[in-house]
file entry-v8.pdb (PDB, C-alpha atoms)
ATOM      1  CA  MET A   1     163.480  48.755  76.908  1.00  0.00           C
ATOM      2  CA  ARG A   2     165.058  52.179  77.011  1.00  0.00           C
ATOM      3  CA  ARG A   3     165.250  52.310  73.256  1.00  0.00           C
ATOM      4  CA  ALA A   4     161.482  51.971  72.902  1.00  0.00           C
ATOM      5  CA  ASN A   5     160.934  55.003  75.137  1.00  0.00           C
ATOM      6  CA  THR A   6     163.152  57.277  73.018  1.00  0.00           C
ATOM      7  CA  ARG A   7     161.573  55.991  69.818  1.00  0.00           C
ATOM      8  CA  GLY A   8     158.186  57.168  71.068  1.00  0.00           C
ATOM      9  CA  LEU A   9     159.612  60.585  71.916  1.00  0.00           C
ATOM     10  CA  ARG A  10     160.907  60.998  68.376  1.00  0.00           C
ATOM     11  CA  PHE A  11     157.336  60.792  67.107  1.00  0.00           C
ATOM     12  CA  VAL A  12     155.714  62.889  69.846  1.00  0.00           C
ATOM     13  CA  ALA A  13     158.215  65.776  69.862  1.00  0.00           C
ATOM     14  CA  PRO A  14     157.701  66.855  66.194  1.00  0.00           C
ATOM     15  CA  PHE A  15     153.932  66.602  66.633  1.00  0.00           C
ATOM     16  CA  PHE A  16     154.102  68.792  69.753  1.00  0.00           C
ATOM     17  CA  LEU A  17     156.279  71.393  67.968  1.00  0.00           C
ATOM     18  CA  LEU A  18     153.901  71.448  65.010  1.00  0.00           C
ATOM     19  CA  LEU A  19     150.987  72.013  67.380  1.00  0.00           C
ATOM     20  CA  VAL A  20     152.763  74.891  69.156  1.00  0.00           C
ATOM     21  CA  PHE A  21     153.668  76.624  65.874  1.00  0.00           C
ATOM     22  CA  SER A  22     150.125  76.159  64.548  1.00  0.00           C
ATOM     23  CA  VAL A  23     148.662  77.848  67.624  1.00  0.00           C
ATOM     24  CA  GLN A  24     151.140  80.746  67.336  1.00  0.00           C
ATOM     25  CA  LEU A  25     150.341  81.176  63.647  1.00  0.00           C
ATOM     26  CA  ALA A  26     146.605  81.146  64.311  1.00  0.00           C
ATOM     27  CA  GLN A  27     147.012  83.802  66.999  1.00  0.00           C
ATOM     28  CA  SER A  28     149.061  86.044  64.688  1.00  0.00           C
ATOM     29  CA  GLN A  29     146.415  86.116  61.969  1.00  0.00           C
ATOM     30  CA  PRO A  30     143.677  88.721  62.310  1.00  0.00           C
ATOM     31  CA  ALA A  31     140.122  87.389  62.630  1.00  0.00           C
ATOM     32  CA  GLY A  32     138.181  87.718  59.375  1.00  0.00           C
ATOM     33  CA  ASN A  33     139.541  89.693  56.466  1.00  0.00           C
ATOM     34  CA  PHE A  34     139.836  93.317  57.506  1.00  0.00           C
ATOM     35  CA  VAL A  35     140.935  94.447  54.022  1.00  0.00           C
ATOM     36  CA  LYS A  36     137.874  92.867  52.407  1.00  0.00           C
ATOM     37  CA  ASP A  37     135.613  94.415  55.055  1.00  0.00           C
ATOM     38  CA  VAL A  38     137.065  97.890  54.407  1.00  0.00           C
ATOM     39  CA  MET A  39     136.792  97.489  50.629  1.00  0.00           C
ATOM     40  CA  ASP A  40     133.178  96.276  50.948  1.00  0.00           C
ATOM     41  CA  HIS A  41     132.247  99.302  53.101  1.00  0.00           C
ATOM     42  CA  LYS A  42     134.543 102.021  51.739  1.00  0.00           C
ATOM     43  CA  GLY A  43     131.536 103.993  50.464  1.00  0.00           C
ATOM     44  CA  ASP A  44     130.179 104.128  54.026  1.00  0.00           C
ATOM     45  CA  ILE A  45     133.447 105.167  55.674  1.00  0.00           C
ATOM     46  CA  GLN A  46     133.817 108.768  56.850  1.00  0.00           C
ATOM     47  CA  TRP A  47     137.022 109.688  55.002  1.00  0.00           C
ATOM     48  CA  ILE A  48     138.911 112.742  56.277  1.00  0.00           C
ATOM     49  CA  THR A  49     138.790 115.513  53.696  1.00  0.00           C
ATOM     50  CA  TYR A  50     139.870 118.608  55.628  1.00  0.00           C
ATOM     51  CA  LYS A  51     143.624 118.921  56.221  1.00  0.00           C
ATOM     52  CA  THR A  52     144.080 115.322  55.151  1.00  0.00           C
ATOM     53  CA  PRO A  53     147.323 113.821  56.435  1.00  0.00           C
ATOM     54  CA  THR A  54     149.415 111.993  53.896  1.00  0.00           C
ATOM     55  CA  LEU A  55     151.828 109.119  54.008  1.00  0.00           C
ATOM     56  CA  PRO A  56     155.403 110.368  54.423  1.00  0.00           C
ATOM     57  CA  ASP A  57     157.548 110.025  51.298  1.00  0.00           C
ATOM     58  CA  ASP A  58     159.953 107.726  53.177  1.00  0.00           C
ATOM     59  CA  VAL A  59     157.091 105.353  54.026  1.00  0.00           C
ATOM     60  CA  CYS A  60     155.894 105.348  50.416  1.00  0.00           C
ATOM     61  CA  THR A  61     159.421 104.431  49.312  1.00  0.00           C
ATOM     62  CA  LEU A  62     160.084 101.792  51.996  1.00  0.00           C
ATOM     63  CA  LEU A  63     156.727 100.066  51.496  1.00  0.00           C
ATOM     64  CA  SER A  64     156.691 100.583  47.703  1.00  0.00           C
ATOM     65  CA  ALA A  65     153.284 102.197  48.119  1.00  0.00           C
ATOM     66  CA  CYS A  66     151.592 105.385  46.909  1.00  0.00           C
ATOM     67  CA  THR A  67     151.775 104.629  43.195  1.00  0.00           C
ATOM     68  CA  GLY A  68     148.302 105.901  42.326  1.00  0.00           C
ATOM     69  CA  ALA A  69     146.045 108.762  43.317  1.00  0.00           C
ATOM     70  CA  ALA A  70     146.381 110.444  46.716  1.00  0.00           C
ATOM     71  CA  ALA A  71     145.505 108.171  49.622  1.00  0.00           C
ATOM     72  CA  LYS A  72     142.136 108.353  51.336  1.00  0.00           C
ATOM     73  CA  VAL A  73     142.395 108.610  55.112  1.00  0.00           C
ATOM     74  CA  ALA A  74     140.173 107.568  58.013  1.00  0.00           C
ATOM     75  CA  ALA A  75     141.062 107.721  61.694  1.00  0.00           C
ATOM     76  CA  LEU A  76     140.154 106.161  64.987  1.00  0.00           C
ATOM     77  CA  PRO A  77     139.483 108.597  67.817  1.00  0.00           C
ATOM     78  CA  PRO A  78     142.625 109.332  69.856  1.00  0.00           C
ATOM     79  CA  ALA A  79     143.174 106.790  72.610  1.00  0.00           C
ATOM     80  CA  THR A  80     145.328 106.275  75.673  1.00  0.00           C
ATOM     81  CA  ILE A  81     147.133 102.935  75.525  1.00  0.00           C
ATOM     82  CA  HIS A  82     149.496 101.895  78.311  1.00  0.00           C
ATOM     83  CA  GLY A  83     149.366 105.467  79.632  1.00  0.00           C
ATOM     84  CA  ARG A  84     150.405 107.047  76.310  1.00  0.00           C
ATOM     85  CA  LYS A  85     148.288 109.064  73.877  1.00  0.00           C
ATOM     86  CA  VAL A  86     148.024 107.251  70.547  1.00  0.00           C
ATOM     87  CA  GLY A  87     146.751 108.341  67.148  1.00  0.00           C
ATOM     88  CA  ARG A  88     145.760 105.748  64.543  1.00  0.00           C
ATOM     89  CA  ALA A  89     144.921 106.245  60.886  1.00  0.00           C
ATOM     90  CA  LEU A  90     143.944 104.060  57.944  1.00  0.00           C
ATOM     91  CA  PHE A  91     145.301 104.982  54.516  1.00  0.00           C
ATOM     92  CA  LEU A  92     143.695 103.558  51.375  1.00  0.00           C
ATOM     93  CA  THR A  93     146.361 103.846  48.675  1.00  0.00           C
ATOM     94  CA  GLU A  94     147.604 101.939  45.632  1.00  0.00           C
ATOM     95  CA  VAL A  95     150.425  99.498  45.050  1.00  0.00           C
ATOM     96  CA  LYS A  96     150.873  98.405  41.432  1.00  0.00           C
ATOM     97  CA  LYS A  97     147.336  99.542  40.507  1.00  0.00           C
ATOM     98  CA  GLN A  98     145.793  97.540  43.355  1.00  0.00           C
ATOM     99  CA  GLN A  99     144.171  99.235  46.342  1.00  0.00           C
ATOM    100  CA  THR A 100     146.141  98.652  49.510  1.00  0.00           C
ATOM    101  CA  ILE A 101     145.612  99.491  53.164  1.00  0.00           C
ATOM    102  CA  ILE A 102     148.322 100.956  55.367  1.00  0.00           C
ATOM    103  CA  LEU A 103     147.580 101.463  59.058  1.00  0.00           C
ATOM    104  CA  GLU A 104     149.404 104.070  61.129  1.00  0.00           C
ATOM    105  CA  HIS A 105     150.047 103.867  64.884  1.00  0.00           C
ATOM    106  CA  GLN A 106     151.576 107.053  66.249  1.00  0.00           C
ATOM    107  CA  VAL A 107     152.722 107.962  69.737  1.00  0.00           C
ATOM    108  CA  PRO A 108     153.413 111.719  69.400  1.00  0.00           C
ATOM    109  CA  GLY A 109     157.004 112.641  70.216  1.00  0.00           C
ATOM    110  CA  SER A 110     158.042 109.002  70.478  1.00  0.00           C
ATOM    111  CA  GLU A 111     157.438 106.545  67.633  1.00  0.00           C
ATOM    112  CA  VAL A 112     155.365 105.777  64.547  1.00  0.00           C
ATOM    113  CA  TYR A 113     154.511 102.447  62.929  1.00  0.00           C
ATOM    114  CA  PHE A 114     153.073 102.008  59.430  1.00  0.00           C
ATOM    115  CA  PHE A 115     151.622  98.542  58.766  1.00  0.00           C
ATOM    116  CA  GLN A 116     151.068  97.501  55.138  1.00  0.00           C
ATOM    117  CA  LEU A 117     148.361  94.852  54.820  1.00  0.00           C
ATOM    118  CA  GLY A 118     148.073  92.170  52.170  1.00  0.00           C
ATOM    119  CA  PRO A 119     144.823  91.457  50.301  1.00  0.00           C
ATOM    120  CA  ASP A 120     144.044  88.726  52.848  1.00  0.00           C
ATOM    121  CA  GLY A 121     144.399  91.165  55.777  1.00  0.00           C
ATOM    122  CA  SER A 122     147.780  89.836  56.900  1.00  0.00           C
ATOM    123  CA  LEU A 123     150.674  92.069  57.891  1.00  0.00           C
ATOM    124  CA  GLN A 124     153.038  92.356  54.913  1.00  0.00           C
ATOM    125  CA  LYS A 125     155.584  95.027  55.905  1.00  0.00           C
ATOM    126  CA  THR A 126     156.211  97.395  58.798  1.00  0.00           C
ATOM    127  CA  ALA A 127     157.905 100.784  58.568  1.00  0.00           C
ATOM    128  CA  TYR A 128     159.051 102.250  61.888  1.00  0.00           C
ATOM    129  CA  LEU A 129     160.233 105.682  62.953  1.00  0.00           C
ATOM    130  CA  GLU A 130     161.697 106.592  66.314  1.00  0.00           C
ATOM    131  CA  THR A 131     161.787 110.329  66.983  1.00  0.00           C
ATOM    132  CA  GLY A 132     165.085 111.824  65.864  1.00  0.00           C
ATOM    133  CA  LYS A 133     165.958 108.903  63.598  1.00  0.00           C
ATOM    134  CA  THR A 134     165.085 107.830  60.050  1.00  0.00           C
ATOM    135  CA  PHE A 135     162.339 105.465  58.916  1.00  0.00           C
ATOM    136  CA  LEU A 136     163.293 101.837  58.498  1.00  0.00           C
ATOM    137  CA  VAL A 137     161.576  98.564  57.673  1.00  0.00           C
ATOM    138  CA  ILE A 138     161.515  96.295  60.732  1.00  0.00           C
ATOM    139  CA  ALA A 139     160.677  92.631  61.172  1.00  0.00           C
ATOM    140  CA  ASN A 140     156.939  92.129  61.476  1.00  0.00           C
ATOM    141  CA  SER A 141     157.530  89.994  64.558  1.00  0.00           C
ATOM    142  CA  LEU A 142     158.820  93.088  66.407  1.00  0.00           C
ATOM    143  CA  ALA A 143     155.680  95.059  65.577  1.00  0.00           C
ATOM    144  CA  GLN A 144     153.211  92.186  66.023  1.00  0.00           C
ATOM    145  CA  PRO A 145     151.992  93.081  69.557  1.00  0.00           C
ATOM    146  CA  ILE A 146     151.094  96.640  68.515  1.00  0.00           C
ATOM    147  CA  PHE A 147     149.620  95.466  65.212  1.00  0.00           C
ATOM    148  CA  GLN A 148     147.420  92.854  66.921  1.00  0.00           C
ATOM    149  CA  ALA A 149     146.109  95.319  69.507  1.00  0.00           C
ATOM    150  CA  ASP A 150     145.324  97.899  66.821  1.00  0.00           C
ATOM    151  CA  MET A 151     143.639  95.306  64.587  1.00  0.00           C
ATOM    152  CA  LYS A 152     141.112  94.532  67.335  1.00  0.00           C
ATOM    153  CA  ASP A 153     140.128  98.211  67.423  1.00  0.00           C
ATOM    154  CA  TRP A 154     140.089  98.553  63.627  1.00  0.00           C
ATOM    155  CA  GLN A 155     137.946  95.422  63.227  1.00  0.00           C
ATOM    156  CA  ALA A 156     135.467  96.766  65.782  1.00  0.00           C
ATOM    157  CA  TRP A 157     135.475 100.102  63.909  1.00  0.00           C
ATOM    158  CA  VAL A 158     134.737  98.589  60.497  1.00  0.00           C
ATOM    159  CA  ALA A 159     132.082  96.274  61.974  1.00  0.00           C
ATOM    160  CA  LYS A 160     130.024  99.220  63.304  1.00  0.00           C
ATOM    161  CA  PRO A 161     127.042 100.076  61.158  1.00  0.00           C
ATOM    162  CA  ALA A 162     127.500 103.293  59.227  1.00  0.00           C
ATOM    163  CA  PRO A 163     125.522 106.285  60.493  1.00  0.00           C
ATOM    164  CA  ALA A 164     122.469 107.153  58.455  1.00  0.00           C
ATOM    165  CA  LYS A 165     123.304 109.536  55.626  1.00  0.00           C
ATOM    166  CA  GLY A 166     121.916 113.013  55.934  1.00  0.00           C
ATOM    167  CA  ASN A 167     122.222 113.195  59.750  1.00  0.00           C
TER
END
call {"tool": "encode", "arguments": {"input": "entry-v8.pdb", "output": "structure tokens"}}
result
Amino acid sequence: MRRANTRGLRFVAPFFLLLVFSVQLAQSQPAGNFVKDVMDHKGDIQWITYKTPTLPDDVCTLLSACTGAAAKVAALPPATIHGRKVGRALFLTEVKKQQTIILEHQVPGSEVYFFQLGPDGSLQKTAYLETGKTFLVIANSLAQPIFQADMKDWQAWVAKPAPAKGN
């Protein structure tokens, strides 16, 4: 009788684990395809042209980015997140002749994250800098909470209708 109970658990346990991992994977993927949305609306985006910030050379090297023309840049308005001022920028650059998006999350005087997105909008690589140290590539899982929070704001930003031209 006891043997039958453990046999049932052997079938239920893998199913339960698969369900848990599926939910976690679904939560880690951004809703929609942010990269496609940006590419579809890049003509409507207000790109920064005056004193345009650039991607640091170390980030270009670590993420194997910046192989084409200079990156276009757009920014979210500064925000206060968890009591800290945060600046966020979107860089449209090239990797192997394909346009690529890199998002920046910067807490002045503290830390900077650069998130490289894949064509499907998923997080591909993360470069991280802590003030006083050198840039390094970190596991995406370490940066996921910040990436997910920023993606919500970026998706809301790209979903806004563009202001009428000429105003």
call {"tool": "resolve_selection", "arguments": {"input": "entry-v8.pdb", "expression": "the PyMOL selection byres ((chain A and resi 95) around 6)", "output": "count of residues only"}}
result
6
call {"tool": "resolve_selection", "arguments": {"input": "entry-v8.pdb", "expression": "the PyMOL selection byres ((chain A and resi 70) around 12)", "output": "VMD selection string"}}
result
chain A and resid 49 52 to 56 60 65 to 69 71 to 73 91 to 95 99
call {"tool": "atom_distance", "arguments": {"input": "entry-v8.pdb", "atom1": "CA of Thr134 in chain A", "atom2": "CA of Asp150 in chain A"}}
result
23.1 Å
call {"tool": "resolve_selection", "arguments": {"input": "entry-v8.pdb", "expression": "the PyMOL selection byres ((chain A and resi 138) around 12)", "output": "list in words"}}
result
Leu62, Leu63, Val112, Tyr113, Phe114, Phe115, Gln116, Leu123, Gln124, Lys125, Thr126, Ala127, Tyr128, Leu129, Glu130, Phe135, Leu136, Val137, Ala139, Asn140, Ser141, Leu142, Ala143 and Gln144 of chain A
call {"tool": "atom_distance", "arguments": {"input": "entry-v8.pdb", "atom1": "CA of Glu104 in chain A", "atom2": "CA of Gly87 in chain A"}}
result
7.8 Å
call {"tool": "residues_around", "arguments": {"input": "entry-v8.pdb", "residues": "Met151 in chain A", "least_positions_apart": "5", "cutoff": "12 Å", "atoms": "only C-alpha atoms", "output": "PDB file with C-alpha atoms, in the coordinates of the input"}}
result
ATOM      1  CA  SER A  28     149.061  86.044  64.688  1.00  0.00           C
ATOM      2  CA  GLN A  29     146.415  86.116  61.969  1.00  0.00           C
ATOM      3  CA  PRO A  30     143.677  88.721  62.310  1.00  0.00           C
ATOM      4  CA  ALA A  31     140.122  87.389  62.630  1.00  0.00           C
ATOM      5  CA  GLY A  32     138.181  87.718  59.375  1.00  0.00           C
ATOM      6  CA  ASN A  33     139.541  89.693  56.466  1.00  0.00           C
ATOM      7  CA  PHE A  34     139.836  93.317  57.506  1.00  0.00           C
ATOM      8  CA  VAL A  35     140.935  94.447  54.022  1.00  0.00           C
ATOM      9  CA  LEU A  76     140.154 106.161  64.987  1.00  0.00           C
ATOM     10  CA  ARG A  88     145.760 105.748  64.543  1.00  0.00           C
ATOM     11  CA  ALA A  89     144.921 106.245  60.886  1.00  0.00           C
ATOM     12  CA  LEU A  90     143.944 104.060  57.944  1.00  0.00           C
ATOM     13  CA  ILE A 102     148.322 100.956  55.367  1.00  0.00           C
ATOM     14  CA  LEU A 103     147.580 101.463  59.058  1.00  0.00           C
ATOM     15  CA  GLU A 104     149.404 104.070  61.129  1.00  0.00           C
ATOM     16  CA  HIS A 105     150.047 103.867  64.884  1.00  0.00           C
ATOM     17  CA  PHE A 115     151.622  98.542  58.766  1.00  0.00           C
ATOM     18  CA  LEU A 117     148.361  94.852  54.820  1.00  0.00           C
ATOM     19  CA  GLY A 121     144.399  91.165  55.777  1.00  0.00           C
ATOM     20  CA  SER A 122     147.780  89.836  56.900  1.00  0.00           C
ATOM     21  CA  LEU A 123     150.674  92.069  57.891  1.00  0.00           C
ATOM     22  CA  GLN A 144     153.211  92.186  66.023  1.00  0.00           C
ATOM     23  CA  PRO A 145     151.992  93.081  69.557  1.00  0.00           C
ATOM     24  CA  ILE A 146     151.094  96.640  68.515  1.00  0.00           C
ATOM     25  CA  ALA A 156     135.467  96.766  65.782  1.00  0.00           C
ATOM     26  CA  TRP A 157     135.475 100.102  63.909  1.00  0.00           C
ATOM     27  CA  VAL A 158     134.737  98.589  60.497  1.00  0.00           C
ATOM     28  CA  ALA A 159     132.082  96.274  61.974  1.00  0.00           C
TER      29      ALA A 159
END
call {"tool": "closest_residue", "arguments": {"input": "entry-v8.pdb", "among": "A:Lys160, A:Trp154, A:Ser110, A:Ser64", "to": "Lys133 in chain A", "atoms": "only C-alpha atoms"}}
result
A:Ser110
call {"tool": "axis_aligned_box", "arguments": {"input": "entry-v8.pdb", "around": "range 153-162 of chain A", "padding_each_side": "5 Å", "output": "AutoDock Vina command-line options"}}
result
--center_x 133.6 --center_y 99.4 --center_z 63.3 --size_x 23.1 --size_y 17.9 --size_z 18.2
call {"tool": "atom_distance", "arguments": {"input": "entry-v8.pdb", "atom1": "CA of Lys42 in chain A", "atom2": "CA of Thr61 in chain A"}}
result
25.1 Å
call {"tool": "decode", "arguments": {"input": "entry-v8.pdb", "residues": "range 113-144 of chain A", "atoms": "C-alpha atoms", "output": "short mmCIF file (atom, residue, chain, number, x, y, z; two decimals), in the first residue's frame"}}
result
data_model
loop_
_atom_site.label_atom_id
_atom_site.label_comp_id
_atom_site.auth_asym_id
_atom_site.auth_seq_id
_atom_site.Cartn_x
_atom_site.Cartn_y
_atom_site.Cartn_z
CA TYR A 113 23.30 48.70 -15.62
CA PHE A 114 23.31 48.27 -19.40
CA PHE A 115 20.79 45.70 -20.68
CA GLN A 116 21.27 44.34 -24.21
CA LEU A 117 18.00 43.09 -25.70
CA GLY A 118 17.55 40.34 -28.26
CA PRO A 119 15.35 40.75 -31.36
CA ASP A 120 12.47 39.15 -29.43
CA GLY A 121 12.76 41.70 -26.60
CA SER A 122 14.40 39.29 -24.15
CA LEU A 123 17.36 40.22 -21.98
CA GLN A 124 20.52 38.90 -23.65
CA LYS A 125 23.41 40.36 -21.62
CA THR A 126 23.90 42.73 -18.70
CA ALA A 127 26.91 44.96 -18.12
CA TYR A 128 27.23 46.39 -14.61
CA LEU A 129 29.36 49.12 -13.09
CA GLU A 130 29.65 49.93 -9.41
CA THR A 131 31.20 53.32 -8.71
CA GLY A 132 34.96 53.03 -8.28
CA LYS A 133 35.16 49.65 -10.00
CA THR A 134 35.34 48.40 -13.59
CA PHE A 135 32.49 47.27 -15.83
CA LEU A 136 31.72 43.58 -15.86
CA VAL A 137 29.15 41.26 -17.39
CA ILE A 138 26.86 39.85 -14.69
CA ALA A 139 24.31 37.05 -14.71
CA ASN A 140 20.99 38.26 -16.05
CA SER A 141 19.27 36.70 -13.05
CA LEU A 142 21.02 39.23 -10.78
CA ALA A 143 19.76 42.16 -12.84
CA GLN A 144 16.29 40.76 -13.54
#
